[in-house]
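Colleague: Contents are mmCIF, C-alpha atoms; file name coords34.cif:
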data_start
#
loop_
_atom_site.label_atom_id
_atom_site.label_comp_id
_atom_site.auth_asym_id
_atom_site.auth_seq_id
_atom_site.Cartn_x
_atom_site.Cartn_y
_atom_site.Cartn_z
CA MET O 17 9.08 -0.11 21.05
CA SER O 18 6.11 -2.37 20.30
CA ASN O 19 4.71 -0.67 17.18
CA ILE O 20 5.99 -2.22 13.96
CA LEU O 21 5.42 -0.97 10.41
CA LEU O 22 5.97 -3.57 7.69
CA ALA O 23 7.33 -1.73 4.63
CA LEU O 24 7.56 -3.53 1.28
CA VAL O 25 10.40 -2.39 -0.96
CA ASP O 26 10.98 -3.72 -4.47
CA GLY O 27 13.51 -1.35 -6.02
CA SER O 28 10.90 0.46 -8.12
CA THR O 29 10.56 4.25 -8.20
CA TYR O 30 7.96 3.86 -5.44
CA SER O 31 10.41 2.27 -2.98
CA LYS O 32 11.93 5.62 -1.99
CA SER O 33 8.44 6.98 -1.39
CA VAL O 34 7.52 3.96 0.74
CA CYS O 35 10.60 4.61 2.89
CA ASP O 36 9.89 8.35 3.19
CA HIS O 37 6.27 7.73 4.18
CA ALA O 38 7.42 5.03 6.62
CA VAL O 39 9.72 7.59 8.26
CA TRP O 40 6.80 10.01 8.66
CA VAL O 41 4.47 7.34 10.07
CA ALA O 42 7.12 5.82 12.35
CA ASP O 43 7.95 9.21 13.85
CA ARG O 44 4.31 10.00 14.64
CA MET O 45 3.49 6.50 15.94
CA ASN O 46 6.78 5.93 17.79
CA ALA O 47 7.20 2.79 15.69
CA ALA O 48 10.05 0.80 14.19
CA VAL O 49 10.13 -0.20 10.53
CA ASP O 50 10.41 -3.81 9.41
CA LEU O 51 11.64 -3.99 5.81
CA LEU O 52 10.61 -6.77 3.44
CA HIS O 53 11.73 -7.58 -0.10
CA VAL O 54 10.15 -10.56 -1.84
CA LEU O 55 11.75 -12.43 -4.72
CA ASP O 56 8.48 -13.14 -6.47
CA ARG O 57 9.69 -15.23 -9.40
CA GLN O 58 11.26 -18.60 -9.09
CA PRO O 59 14.63 -18.88 -10.84
CA GLY O 60 14.01 -19.75 -14.49
CA ALA O 61 10.26 -19.05 -14.30
CA GLY O 62 8.84 -18.30 -17.69
CA ARG O 63 11.98 -19.51 -19.53
CA SER O 64 11.30 -21.15 -22.89
CA ASP O 65 12.30 -24.77 -23.34
CA LEU O 66 15.20 -24.43 -25.75
CA SER O 67 16.31 -28.05 -25.63
CA GLY O 68 13.42 -30.24 -26.81
CA SER O 69 14.47 -30.88 -30.42
CA ILE O 70 18.24 -31.03 -29.97
CA ALA O 71 20.26 -34.22 -30.28
CA LEU O 72 20.96 -36.00 -26.99
CA GLY O 73 24.59 -35.02 -26.47
CA ALA O 74 24.05 -31.36 -27.34
CA ARG O 75 20.84 -31.32 -25.35
CA THR O 76 22.62 -32.49 -22.20
CA ALA O 77 25.24 -29.78 -22.58
CA LEU O 78 22.57 -27.14 -23.15
CA LEU O 79 20.59 -28.25 -20.09
CA LYS O 80 23.74 -27.91 -17.98
CA GLU O 81 24.33 -24.40 -19.37
CA LEU O 82 20.73 -23.38 -18.70
CA SER O 83 20.98 -24.74 -15.16
CA ASP O 84 24.14 -22.70 -14.58
CA LEU O 85 22.37 -19.59 -15.90
CA ASP O 86 19.47 -20.21 -13.49
CA GLU O 87 21.88 -20.45 -10.57
CA GLN O 88 23.63 -17.25 -11.66
CA ARG O 89 20.31 -15.45 -12.02
CA ALA O 90 19.22 -16.61 -8.57
CA ARG O 91 22.46 -15.30 -7.04
CA LEU O 92 22.07 -11.95 -8.80
CA LEU O 93 18.47 -11.61 -7.61
CA GLN O 94 19.59 -12.35 -4.06
CA GLN O 95 22.31 -9.70 -4.34
CA LYS O 96 19.86 -7.21 -5.81
CA GLY O 97 17.36 -7.90 -3.01
CA ARG O 98 19.98 -7.36 -0.31
CA ALA O 99 21.08 -4.11 -1.98
CA ILE O 100 17.46 -2.87 -2.09
CA LEU O 101 17.08 -3.63 1.63
CA ASP O 102 20.39 -1.95 2.45
CA ASP O 103 19.36 1.20 0.57
CA ALA O 104 15.98 1.26 2.33
CA ARG O 105 17.62 0.82 5.72
CA ALA O 106 19.98 3.71 5.00
CA ILE O 107 17.09 6.03 4.06
CA ILE O 108 15.14 5.24 7.22
CA GLU O 109 18.06 5.29 9.65
CA SER O 110 19.49 8.50 8.18
CA ALA O 111 16.14 10.12 9.00
CA GLY O 112 16.54 9.08 12.64
CA GLN O 113 14.08 6.19 12.68
CA LYS O 114 14.70 2.61 13.81
CA VAL O 115 14.78 -0.39 11.49
CA ALA O 116 13.59 -3.47 13.38
CA GLY O 117 14.67 -5.89 10.66
CA ALA O 118 15.34 -6.34 6.94
CA HIS O 119 13.96 -9.55 5.45
CA LEU O 120 14.65 -11.15 2.07
CA ARG O 121 12.07 -13.78 1.22
CA GLN O 122 11.29 -15.87 -1.84
CA GLY O 123 7.82 -17.01 -2.83
CA GLU O 124 4.45 -15.84 -4.08
CA ILE O 125 4.36 -12.22 -2.99
CA VAL O 126 0.85 -11.98 -1.52
CA GLU O 127 1.18 -15.18 0.52
CA THR O 128 4.65 -14.16 1.69
CA VAL O 129 3.55 -10.72 2.85
CA ILE O 130 0.50 -12.07 4.67
CA ALA O 131 2.70 -14.63 6.43
CA GLN O 132 5.05 -11.83 7.52
CA GLU O 133 2.44 -9.29 8.65
CA GLY O 134 1.65 -10.83 12.06
CA PRO O 135 3.33 -8.36 14.45
CA ALA O 136 2.82 -5.29 12.26
CA SER O 137 0.29 -2.58 13.08
CA MET O 138 0.33 -1.30 9.49
CA ILE O 139 1.54 -2.47 6.08
CA MET O 140 3.18 0.06 3.77
CA VAL O 141 3.44 -0.56 0.04
CA GLY O 142 3.93 1.40 -3.19
CA LYS O 143 0.99 1.96 -5.50
CA ARG O 144 2.84 0.35 -8.38
CA GLY O 145 5.74 -2.03 -8.59
CA GLU O 146 8.78 -2.41 -10.79
CA GLU O 147 6.73 -1.72 -13.93
CA ALA O 148 5.79 1.76 -12.66
CA ASP O 149 7.93 3.69 -15.14
CA PHE O 150 6.59 1.71 -18.06
CA ALA O 151 2.87 1.57 -17.28
CA SER O 152 2.01 4.68 -15.31
CA LEU O 153 -1.73 3.98 -15.31
CA ARG O 154 -1.47 0.35 -14.27
CA LEU O 155 -1.75 -0.55 -10.61
CA GLY O 156 0.79 -2.95 -9.19
CA ALA O 157 -0.21 -6.41 -10.34
CA HIS O 158 -0.62 -7.79 -6.81
CA LEU O 159 -2.02 -4.74 -5.03
CA GLU O 160 -5.74 -5.53 -5.00
CA ARG O 161 -5.14 -9.17 -4.02
CA PHE O 162 -2.83 -8.05 -1.25
CA ILE O 163 -5.26 -5.45 0.15
CA ARG O 164 -8.12 -7.96 0.10
CA ALA O 165 -6.01 -10.58 1.90
CA SER O 166 -4.35 -8.40 4.55
CA HIS O 167 -5.73 -8.23 8.07
CA LYS O 168 -3.97 -4.91 8.79
CA PRO O 169 -4.45 -1.32 7.64
CA VAL O 170 -2.62 -0.89 4.34
CA PHE O 171 -0.87 2.40 3.59
CA VAL O 172 -0.42 2.84 -0.17
CA ALA O 173 2.32 5.37 -0.87
CA SER O 174 2.03 7.84 -3.72
CA ARG O 175 4.93 8.38 -6.12
CA ALA O 176 6.66 10.96 -3.94
CA PHE O 177 6.33 12.03 -0.31
CA LYS O 178 4.92 15.45 0.56
CA PRO O 179 4.34 16.71 4.13
CA ILE O 180 0.80 15.80 5.19
CA ASP O 181 -1.42 18.17 7.15
CA THR O 182 -4.92 16.88 6.28
CA VAL O 183 -6.65 13.51 6.36
CA LEU O 184 -9.54 13.13 3.93
CA ILE O 185 -11.84 10.38 5.22
CA ALA O 186 -14.18 9.01 2.57
CA TYR O 187 -17.15 8.02 4.72
CA ASP O 188 -20.11 6.02 3.41
CA GLY O 189 -21.45 4.59 6.67
CA ALA O 190 -20.37 1.04 5.81
CA ALA O 191 -18.66 -1.11 8.42
CA SER O 192 -15.22 -0.60 6.89
CA SER O 193 -15.56 3.20 6.89
CA ARG O 194 -16.72 3.12 10.52
CA ARG O 195 -13.57 1.16 11.33
CA VAL O 196 -11.56 3.87 9.56
CA VAL O 197 -13.13 6.55 11.78
CA ASP O 198 -12.39 4.53 14.93
CA HIS O 199 -8.82 3.95 13.78
CA VAL O 200 -8.22 7.63 13.06
CA ALA O 201 -9.71 8.60 16.43
CA GLN O 202 -7.42 6.22 18.35
CA ASN O 203 -4.12 6.33 16.45
CA PRO O 204 -1.45 8.95 17.31
CA LEU O 205 -0.58 9.06 13.61
CA PHE O 206 -3.46 11.50 13.11
CA ALA O 207 -2.99 13.74 16.16
CA GLY O 208 -2.89 17.41 15.21
CA LEU O 209 -3.92 16.82 11.61
CA LYS O 210 -7.01 18.42 10.12
CA ILE O 211 -9.76 15.88 9.38
CA ASP O 212 -11.89 16.38 6.26
CA LEU O 213 -14.80 13.94 6.70
CA VAL O 214 -16.64 13.59 3.38
CA THR O 215 -19.71 11.64 2.30
CA VAL O 216 -20.44 11.40 -1.42
CA GLY O 217 -24.17 10.95 -2.01
CA SER O 218 -27.58 12.46 -1.53
CA ARG O 219 -28.21 14.73 1.44
CA ASN O 220 -30.95 13.29 3.64
CA ARG O 221 -31.62 12.67 7.28
CA ASP O 222 -29.82 9.31 7.33
CA THR O 223 -26.61 10.53 5.68
CA GLU O 224 -26.57 13.67 7.83
CA LYS O 225 -27.04 11.65 11.01
CA ALA O 226 -24.37 9.10 10.04
CA LEU O 227 -21.88 11.84 9.21
CA GLU O 228 -22.68 13.73 12.42
CA ASP O 229 -22.11 10.59 14.51
CA ALA O 230 -18.76 9.91 12.80
CA GLY O 231 -17.71 13.53 13.25
CA SER O 232 -18.57 13.35 16.95
CA ILE O 233 -16.28 10.34 17.44
CA LEU O 234 -13.39 12.20 15.84
CA ALA O 235 -14.06 15.47 17.67
CA GLY O 236 -14.33 13.52 20.93
CA ALA O 237 -10.78 12.33 20.33
CA GLY O 238 -9.61 15.94 20.18
CA LEU O 239 -9.32 16.15 16.39
CA SER O 240 -10.32 19.17 14.29
CA VAL O 241 -13.08 17.96 11.96
CA ASP O 242 -14.96 19.43 9.01
CA THR O 243 -17.91 17.41 7.67
CA THR O 244 -19.24 17.65 4.13
CA ILE O 245 -21.84 15.91 1.96
CA VAL O 246 -21.26 16.25 -1.78
CA SER O 247 -22.95 14.73 -4.81
CA GLY O 248 -21.28 13.10 -7.77
CA HIS O 249 -19.22 10.05 -8.67
CA PRO O 250 -17.09 9.14 -5.62
CA ASP O 251 -13.69 8.75 -7.29
CA GLU O 252 -14.14 11.96 -9.32
CA VAL O 253 -15.39 14.04 -6.37
CA LEU O 254 -12.78 12.73 -3.96
CA GLY O 255 -10.04 12.99 -6.55
CA GLN O 256 -10.83 16.66 -7.11
CA ARG O 257 -10.89 17.24 -3.36
CA VAL O 258 -7.42 15.72 -3.11
CA GLU O 259 -6.22 18.01 -5.89
CA ASP O 260 -7.64 21.04 -4.06
CA CYS O 261 -6.03 19.97 -0.77
CA GLY O 262 -2.56 19.41 -2.15
CA SER O 263 -1.02 17.75 0.94
CA CYS O 264 -3.42 15.17 2.30
CA LEU O 265 -3.72 11.51 3.16
CA VAL O 266 -6.89 9.73 2.03
CA ALA O 267 -8.38 7.20 4.49
CA MET O 268 -11.18 4.90 3.33
CA GLY O 269 -12.67 1.45 3.57
CA ALA O 270 -11.40 -0.98 0.96
CA TYR O 271 -13.21 -3.24 -1.47
CA GLY O 272 -16.62 -3.42 0.14
CA HIS O 273 -17.89 -5.70 -2.64
CA SER O 274 -16.84 -9.11 -3.88
CA ARG O 275 -14.42 -9.38 -6.80
CA ILE O 276 -17.31 -10.44 -9.07
CA ARG O 277 -19.51 -7.48 -8.14
CA SER O 278 -16.55 -5.11 -8.43
CA PHE O 279 -15.83 -6.50 -11.90
CA VAL O 280 -19.41 -5.81 -13.00
CA LEU O 281 -19.99 -2.47 -11.24
CA GLY O 282 -16.45 -1.17 -10.92
CA SER O 283 -14.65 -0.43 -7.67
CA THR O 284 -14.31 2.96 -6.00
CA THR O 285 -11.23 1.64 -4.21
CA THR O 286 -9.47 0.72 -7.45
CA GLU O 287 -10.44 3.98 -9.14
CA MET O 288 -9.18 6.03 -6.20
CA LEU O 289 -5.89 4.15 -6.13
CA ARG O 290 -5.48 4.56 -9.88
CA SER O 291 -6.27 8.26 -10.10
CA CYS O 292 -5.44 9.71 -6.68
CA LYS O 293 -2.07 11.45 -6.38
CA ALA O 294 -2.10 11.32 -2.57
CA PRO O 295 -1.20 8.38 -0.32
CA VAL O 296 -4.18 6.23 0.64
CA LEU O 297 -4.80 4.34 3.90
CA LEU O 298 -7.15 1.41 3.39
CA MET O 299 -9.01 -0.77 5.88
CA ARG O 300 -11.15 -3.84 5.18
#
What does the file become when written as structure tokens?
Modeller:
Amino acid sequence: MSNILLALVDGSTYSKSVCDHAVWVADRMNAAVDLLHVLDRQPGAGRSDLSGSIALGARTALLKELSDLDEQRARLLQQKGRAILDDARAIIESAGQKVAGAHLRQGEIVETVIAQEGPASMIMVGKRGEEADFASLRLGAHLERFIRASHKPVFVASRAFKPIDTVLIAYDGAASSRRVVDHVAQNPLFAGLKIDLVTVGSRNRDTEKALEDAGSILAGAGLSVDTTIVSGHPDEVLGQRVEDCGSCLVAMGAYGHSRIRSFVLGSTTTEMLRSCKAPVLLMR
């Protein structure tokens, strides 16, 4: 089995959804799942210096106690990480899918994931991390950096898995959206699913031709395709289309602009990830 899905699990409410979506993808792609949990904070990171103004003898004792606490915290984080991986493995294997490996790593999360992604054909991650229950409108702190850095398609799981029967492709004719169309046409993940190919913008000869060409690639791969051009703000129009669909996967190009331009103009990718209640597959 050569296909590998790299699934990131962090123990948040999204971890179960990542596993459930990984089961669905692995089954359709005949893939194994590689599990990864990253200990993102160094032991003692962010701890206040409590010893600076204490007399020498007491200060030495306190430093020893703080060092012992750091070691205990590091051991507990290791145990927690292994438990998270064990739970994820149980979810995936109980659904009849293969776990290729379960990796516990320590380091900066984006660099660690990128170093681990080599053999994977897709990366699977939750929309939000451990803070999800406390900041429901905040994207995971590392998500944009990770998507920009990854060389693989990134599957961003929604809060809970629902059976998927439709793929909504947000198509703007840019290079990244053309890569999305090629990927959908070639990947067994999408076989038998309805394809809703949507361009948000003005209807003219160029947009009609671009959409027709993309639709032909998908239809040529044996997929059932509907093509639509709609006007409006992309994240609002696409978000409403997701609501109307109810059980779809959104596929789109990711972060077509630089971070500076996205900061000034806003990013459709970020807005879709923030507001969309469906899973999103992103390609750079």
Colleague: Using the chain letters and numbering of this document, enumerate as a list in words the residues selected by the PyMOL selection byres ((chain O and resi 234) around 9).
Modeller: Val197, Asp198, Val200, Ala201, Gln202, Ile211, Asp229, Ala230, Gly231, Ser232, Ile233, Ala235, Gly236, Ala237, Gly238, Leu239, Ser240 and Val241 of chain O
Colleague: Output the selection as a PDB file, in the coordinates of the input - C-alpha atoms for each residue.
Modeller:
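Below you can see part.pdb, which holds the result:
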ATOM      1  CA  VAL O 197     -13.130   6.550  11.780  1.00  0.00           C
ATOM      2  CA  ASP O 198     -12.390   4.530  14.930  1.00  0.00           C
ATOM      3  CA  VAL O 200      -8.220   7.630  13.060  1.00  0.00           C
ATOM      4  CA  ALA O 201      -9.710   8.600  16.430  1.00  0.00           C
ATOM      5  CA  GLN O 202      -7.420   6.220  18.350  1.00  0.00           C
ATOM      6  CA  ILE O 211      -9.760  15.880   9.380  1.00  0.00           C
ATOM      7  CA  ASP O 229     -22.110  10.590  14.510  1.00  0.00           C
ATOM      8  CA  ALA O 230     -18.760   9.910  12.800  1.00  0.00           C
ATOM      9  CA  GLY O 231     -17.710  13.530  13.250  1.00  0.00           C
ATOM     10  CA  SER O 232     -18.570  13.350  16.950  1.00  0.00           C
ATOM     11  CA  ILE O 233     -16.280  10.340  17.440  1.00  0.00           C
ATOM     12  CA  ALA O 235     -14.060  15.470  17.670  1.00  0.00           C
ATOM     13  CA  GLY O 236     -14.330  13.520  20.930  1.00  0.00           C
ATOM     14  CA  ALA O 237     -10.780  12.330  20.330  1.00  0.00           C
ATOM     15  CA  GLY O 238      -9.610  15.940  20.180  1.00  0.00           C
ATOM     16  CA  LEU O 239      -9.320  16.150  16.390  1.00  0.00           C
ATOM     17  CA  SER O 240     -10.320  19.170  14.290  1.00  0.00           C
ATOM     18  CA  VAL O 241     -13.080  17.960  11.960  1.00  0.00           C
TER      19      VAL O 241
END
Colleague: Skipping near chain neighbours, those fewer than 5 positions away, what residues fall within 12 Å of O:Met299 using all atoms listed in the file, listed as a PDB file with C-alpha atoms, in the coordinates of the input?
Modeller:
ATOM      1  CA  SER O 137       0.290  -2.580  13.080  1.00  0.00           C
ATOM      2  CA  MET O 138       0.330  -1.300   9.490  1.00  0.00           C
ATOM      3  CA  ILE O 139       1.540  -2.470   6.080  1.00  0.00           C
ATOM      4  CA  PHE O 162      -2.830  -8.050  -1.250  1.00  0.00           C
ATOM      5  CA  ILE O 163      -5.260  -5.450   0.150  1.00  0.00           C
ATOM      6  CA  ARG O 164      -8.120  -7.960   0.100  1.00  0.00           C
ATOM      7  CA  ALA O 165      -6.010 -10.580   1.900  1.00  0.00           C
ATOM      8  CA  SER O 166      -4.350  -8.400   4.550  1.00  0.00           C
ATOM      9  CA  HIS O 167      -5.730  -8.230   8.070  1.00  0.00           C
ATOM     10  CA  LYS O 168      -3.970  -4.910   8.790  1.00  0.00           C
ATOM     11  CA  PRO O 169      -4.450  -1.320   7.640  1.00  0.00           C
ATOM     12  CA  VAL O 170      -2.620  -0.890   4.340  1.00  0.00           C
ATOM     13  CA  PHE O 171      -0.870   2.400   3.590  1.00  0.00           C
ATOM     14  CA  VAL O 172      -0.420   2.840  -0.170  1.00  0.00           C
ATOM     15  CA  ILE O 185     -11.840  10.380   5.220  1.00  0.00           C
ATOM     16  CA  ALA O 186     -14.180   9.010   2.570  1.00  0.00           C
ATOM     17  CA  ALA O 190     -20.370   1.040   5.810  1.00  0.00           C
ATOM     18  CA  ALA O 191     -18.660  -1.110   8.420  1.00  0.00           C
ATOM     19  CA  SER O 192     -15.220  -0.600   6.890  1.00  0.00           C
ATOM     20  CA  SER O 193     -15.560   3.200   6.890  1.00  0.00           C
ATOM     21  CA  ARG O 194     -16.720   3.120  10.520  1.00  0.00           C
ATOM     22  CA  ARG O 195     -13.570   1.160  11.330  1.00  0.00           C
ATOM     23  CA  VAL O 196     -11.560   3.870   9.560  1.00  0.00           C
ATOM     24  CA  VAL O 197     -13.130   6.550  11.780  1.00  0.00           C
ATOM     25  CA  ASP O 198     -12.390   4.530  14.930  1.00  0.00           C
ATOM     26  CA  HIS O 199      -8.820   3.950  13.780  1.00  0.00           C
ATOM     27  CA  VAL O 200      -8.220   7.630  13.060  1.00  0.00           C
ATOM     28  CA  VAL O 266      -6.890   9.730   2.030  1.00  0.00           C
ATOM     29  CA  ALA O 267      -8.380   7.200   4.490  1.00  0.00           C
ATOM     30  CA  MET O 268     -11.180   4.900   3.330  1.00  0.00           C
ATOM     31  CA  GLY O 269     -12.670   1.450   3.570  1.00  0.00           C
ATOM     32  CA  ALA O 270     -11.400  -0.980   0.960  1.00  0.00           C
ATOM     33  CA  TYR O 271     -13.210  -3.240  -1.470  1.00  0.00           C
ATOM     34  CA  GLY O 272     -16.620  -3.420   0.140  1.00  0.00           C
ATOM     35  CA  THR O 285     -11.230   1.640  -4.210  1.00  0.00           C
TER      36      THR O 285
END
Colleague: Between atom CA of O:Arg44 and atom CA of O:Pro204, what is the distance, to one decimal in Å?
Modeller: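 Spanning atom CA of O:Arg44 to atom CA of O:Pro204 is a straight-line distance of 6.4 Å.
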Colleague: Give the answer as one residue: which of O:Val41, O:Val25, O:Val115, O:Leu82 has the shortest atom-to-atom distance to O:Ile180, using all atoms listed in the file?
Modeller: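 For O:Ile180, the nearest of the candidates is O:Val41.
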Colleague: Identify all residues satisfying the PyMOL selection byres ((chain O and resi 24) around 9) in the given file; provide them as a compact mmCIF listing (two decimals) with C-alpha atoms, in the frame of the given file.
Modeller:
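selection-v3.txt written:
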# COMPACT_ATOMS: atom_id res chain seq x y z
CA LEU O 22 5.97 -3.57 7.69
CA ALA O 23 7.33 -1.73 4.63
CA VAL O 25 10.40 -2.39 -0.96
CA ASP O 26 10.98 -3.72 -4.47
CA SER O 31 10.41 2.27 -2.98
CA VAL O 34 7.52 3.96 0.74
CA CYS O 35 10.60 4.61 2.89
CA ASP O 50 10.41 -3.81 9.41
CA LEU O 51 11.64 -3.99 5.81
CA LEU O 52 10.61 -6.77 3.44
CA HIS O 53 11.73 -7.58 -0.10
CA VAL O 54 10.15 -10.56 -1.84
CA VAL O 129 3.55 -10.72 2.85
CA ILE O 139 1.54 -2.47 6.08
CA MET O 140 3.18 0.06 3.77
CA VAL O 141 3.44 -0.56 0.04
CA GLY O 142 3.93 1.40 -3.19
Colleague: Enumerate, as a VMD selection string, the residues matched when the PyMOL selection byres ((chain O and resi 256) around 12) is run on the file above.
Modeller: chain O and resid 184 246 248 to 255 257 to 262 288 291 to 294
Colleague: Output C-alpha atoms of each residue in that selection to a file, as a PDB file, keeping the file's coordinate frame.
Modeller:
ATOM      1  CA  LEU O 184      -9.540  13.130   3.930  1.00  0.00           C
ATOM      2  CA  VAL O 246     -21.260  16.250  -1.780  1.00  0.00           C
ATOM      3  CA  GLY O 248     -21.280  13.100  -7.770  1.00  0.00           C
ATOM      4  CA  HIS O 249     -19.220  10.050  -8.670  1.00  0.00           C
ATOM      5  CA  PRO O 250     -17.090   9.140  -5.620  1.00  0.00           C
ATOM      6  CA  ASP O 251     -13.690   8.750  -7.290  1.00  0.00           C
ATOM      7  CA  GLU O 252     -14.140  11.960  -9.320  1.00  0.00           C
ATOM      8  CA  VAL O 253     -15.390  14.040  -6.370  1.00  0.00           C
ATOM      9  CA  LEU O 254     -12.780  12.730  -3.960  1.00  0.00           C
ATOM     10  CA  GLY O 255     -10.040  12.990  -6.550  1.00  0.00           C
ATOM     11  CA  ARG O 257     -10.890  17.240  -3.360  1.00  0.00           C
ATOM     12  CA  VAL O 258      -7.420  15.720  -3.110  1.00  0.00           C
ATOM     13  CA  GLU O 259      -6.220  18.010  -5.890  1.00  0.00           C
ATOM     14  CA  ASP O 260      -7.640  21.040  -4.060  1.00  0.00           C
ATOM     15  CA  CYS O 261      -6.030  19.970  -0.770  1.00  0.00           C
ATOM     16  CA  GLY O 262      -2.560  19.410  -2.150  1.00  0.00           C
ATOM     17  CA  MET O 288      -9.180   6.030  -6.200  1.00  0.00           C
ATOM     18  CA  SER O 291      -6.270   8.260 -10.100  1.00  0.00           C
ATOM     19  CA  CYS O 292      -5.440   9.710  -6.680  1.00  0.00           C
ATOM     20  CA  LYS O 293      -2.070  11.450  -6.380  1.00  0.00           C
ATOM     21  CA  ALA O 294      -2.100  11.320  -2.570  1.00  0.00           C
TER      22      ALA O 294
END
Colleague: Expressed in Å to a single decimal, how great is the separation between atom CA of O:Leu92 and atom CA of O:Ala77?
Modeller: 22.8 Å
Colleague: From the list O:Ile100, O:Ser83, O:His119, O:Ala226, which residue is nearest O:Glu133 when using only C-alpha atoms?
Modeller: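 Nearest to O:Glu133: O:His119.
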Colleague: Just give me the gap between atom CA of O:Leu298 and atom CA of O:Thr286 in Å, one decimal is fine.
Modeller: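 Taking atom CA of O:Leu298 and atom CA of O:Thr286, their separation equals 11.1 Å.
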Colleague: Given the choices O:Pro295, O:His158, O:Glu228, O:Arg121, which gets closest to O:Leu265 if the distance is worked out from all atoms listed in the file?
Modeller: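 That would be O:Pro295, the residue with the smallest distance to O:Leu265.
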Colleague: Quick one: of O:Ser33, O:Thr215, O:Ser263, O:Gln113, who's nearest to O:Thr182, counting all atoms listed in the file?
Modeller: O:Ser263
Colleague: Nearest to O:Ala111: which of O:Ile20, O:Leu289, O:Ile245, O:Ala38 is it, counting all atoms listed in the file?
Modeller: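 Once distances to O:Ala111 are computed over all atoms listed in the file, the minimum belongs to O:Ala38.
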Colleague: Point out the residue among O:Thr29, O:Asn203, O:Gln122, O:Ser218 with the least atom-to-atom distance to O:Ala47, counting all atoms listed in the file.
Modeller: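 Nearest candidate to O:Ala47 out of O:Thr29, O:Asn203, O:Gln122, O:Ser218: O:Asn203.
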